Structure formats: C-alpha cells, structure tokens
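Chemist: Here you go, one structure.
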Amino acid sequence: RKEVEQDPGPFNVPEGATVAFNCTYSNSASQSFFWYRQDCRKEPKLLMSVYSSGNEDGRFTAQLNRASQYISLLIRDSKLSDSATYLCVAPGRGYQKVTFGTGTKLQVIP
Amino acid sequence: GAGVSQSPRYKVAKRGQDVALRCDPISGHVSLFWYQQALGQGPEFLTYFQNEAQLDKSGLPSDRFFAERPEGSVSTLKIQRTQQEDSAVYLCASRSSGEANTEAFFGQGTRLTVV
C-alpha cells in the first residue's frame, strides 16, 4: 500500500459548486498533514495545514480523521482559478520524510 | 532572492551523459529535500538532508543517483549515465527546521529530458 493515496480525478465541476477530496495515509504515527496546490508546470505551494481540530480558510476547509486515517479538503463556491492539482502531504515512515500523494486534478468549468 | 532557486531550469541530456542539478535553499533552512516528478504524477521523494547530513536516501532509484550538501546550504543532485526513464522534473524543497509540522518551500524545478 502506498504511504499516501489520492483519487487522481479529474474532478470536473461547475463554477459555484462544492467539491471535496479525500486522501488516505498509512503511517498511523503521522502528526502533521498539509494540502499543497500545484498549477500546471509550476512548483507545489502550500494551501493549508491540517490540524486535528480541522482548519478553515475562507472557502477552504481541511479536516483530519485519525481513526480512519484520512484527511479531506472541501472547496466551497468553486472559482475558475481553483483549477489545479491538489496534493496531499503526510510524513512518511521516517519522521522527517515528507511524502506526497499523486495529486487530485480539479477543473472548474464555467 | 528569498525563495528556493534551482538551476538549470531546463536540461537536455543525451542518454549516457552525466548531469548535475543545483539547488539553493532559503538561507538558514535546515532541511532540504529532492523529489522527482514524472508527468501527471505527484512528487516522489528521493532524498533528505538535515544540514549537511543525508539522513534519508531511500528514494534514490539507483546507484546512478547521488546527492550532496557538503556545507549544509547548496545541494547538488547528480545523475550518472542518464537513461530515458530519468526524464522528469526534479524539485528541491527546503524547510526551516527538522520538524515535520513546518511548511516546505519548493523551487521551480529542473526539467530534465534525456534523448
């Protein structure tokens, strides 16, 4: 089993829609999680950190479910500019190793 | 500059050629990572440095890949006898501490094409 798994998509959603992605991780000892956004041919950039109590930033909400070992990202009122690949990040087997999922591609259509 | 800088941005190598990719992390950042990203895939971990110490090289795909960070700042990823399957974007990231709960900042990557 891969350390971090995501549905690659693509998710094609209309503007204004709400969309959610899940990401599962295998290392039960993982403590820190992140969502990164990667635009086409660009480097990944941090979108949100994921705290045990959940984290909300405007239209974006990230949550952690330790019992089921997954994290989620919810995007409300999707904008065309939200079109990108969303990468889930969790520590790997090594404490300091940072492991990415394959990414979920989102395409917001007018 | 204030960000992670990688050079060259693009590299075309003939199969069998050796290449060296450079990463200048954010000044003072303790942690440095190298990743390989194939088209349509997420970044795959290659190796991790904490200062000058290479603490994890479990992701290096073969002994043709070698990374160093001799003074704890600039890092070089070297690929010997390049193969076509080495074609990918190589991303470098740095982090201010060795703690897993801090943000990693990425460079723009080096796009390597082996022909």
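Here's how to read the names in the structure tokens: chain A, B, ... by the order shown, residue numbers from 1 in each chain, ligand numbers from 1 in the order shown.
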Fewer than 4 positions away in the same chain doesn't count, so skip those; otherwise give me all residues within 7 Å of Phe33 of chain A, counting only C-alpha atoms, as JSON, numbers by chain.
Modeler: {"A": [49, 50, 89, 90]}
Chemist: Within 6 Å of chain B, which residues of chain A are there when counting only C-alpha atoms? Please give them as a PyMOL selection string.
Modeler: chain A and resi 32+43+96+101-103
Chemist: Tell me, which residues of chain A carry DSSP strand (DSSP E or B), written as a VMD selection string?
Modeler: chain A and resid 4 to 6 11 to 14 19 to 25 33 to 38 45 to 50 55 to 57 60 to 65 70 to 75 84 to 91 98 to 100 104 to 109
Chemist: Could you pull the residues within 10 Å of Arg76 of chain A, counting only C-alpha atoms, minus those fewer than 5 positions along the same chain, as a list in words?
Modeler: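 Skipping anything fewer than 5 positions along the chain leaves Glu15, Gly16, Ala17, Thr18, Val19, Ala20, Gly58, Arg59, Phe60 and Thr61 of chain A.
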Chemist: Export N, CA and C atoms of the chosen residues as a PDB file, in the first residue's frame?
Modeler:
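Saved to result_11.pdb:
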ATOM      1  N   GLU A  15     -18.574  26.134 -11.950  1.00  0.00           N
ATOM      2  CA  GLU A  15     -18.353  27.269 -11.046  1.00  0.00           C
ATOM      3  C   GLU A  15     -19.435  27.322  -9.988  1.00  0.00           C
ATOM      4  N   GLY A  16     -19.028  27.623  -8.763  1.00  0.00           N
ATOM      5  CA  GLY A  16     -20.004  27.751  -7.691  1.00  0.00           C
ATOM      6  C   GLY A  16     -20.287  26.456  -6.952  1.00  0.00           C
ATOM      7  N   ALA A  17     -19.831  25.355  -7.488  1.00  0.00           N
ATOM      8  CA  ALA A  17     -20.091  24.067  -6.852  1.00  0.00           C
ATOM      9  C   ALA A  17     -19.187  23.870  -5.641  1.00  0.00           C
ATOM     10  N   THR A  18     -19.596  22.909  -4.810  1.00  0.00           N
ATOM     11  CA  THR A  18     -18.761  22.475  -3.689  1.00  0.00           C
ATOM     12  C   THR A  18     -18.143  21.133  -4.056  1.00  0.00           C
ATOM     13  N   VAL A  19     -16.868  20.984  -3.791  1.00  0.00           N
ATOM     14  CA  VAL A  19     -16.168  19.744  -4.149  1.00  0.00           C
ATOM     15  C   VAL A  19     -15.287  19.330  -2.974  1.00  0.00           C
ATOM     16  N   ALA A  20     -15.165  18.016  -2.793  1.00  0.00           N
ATOM     17  CA  ALA A  20     -14.355  17.503  -1.681  1.00  0.00           C
ATOM     18  C   ALA A  20     -13.425  16.410  -2.177  1.00  0.00           C
ATOM     19  N   GLY A  58     -11.365  30.746   4.598  1.00  0.00           N
ATOM     20  CA  GLY A  58     -12.250  31.219   3.547  1.00  0.00           C
ATOM     21  C   GLY A  58     -13.103  30.087   2.999  1.00  0.00           C
ATOM     22  N   ARG A  59     -12.957  29.839   1.718  1.00  0.00           N
ATOM     23  CA  ARG A  59     -13.775  28.800   1.056  1.00  0.00           C
ATOM     24  C   ARG A  59     -13.210  27.387   1.236  1.00  0.00           C
ATOM     25  N   PHE A  60     -12.082  27.288   1.879  1.00  0.00           N
ATOM     26  CA  PHE A  60     -11.386  26.008   2.005  1.00  0.00           C
ATOM     27  C   PHE A  60     -11.466  25.485   3.441  1.00  0.00           C
ATOM     28  N   THR A  61     -11.800  24.200   3.562  1.00  0.00           N
ATOM     29  CA  THR A  61     -11.829  23.552   4.871  1.00  0.00           C
ATOM     30  C   THR A  61     -11.072  22.233   4.779  1.00  0.00           C
TER      31      THR A  61
END
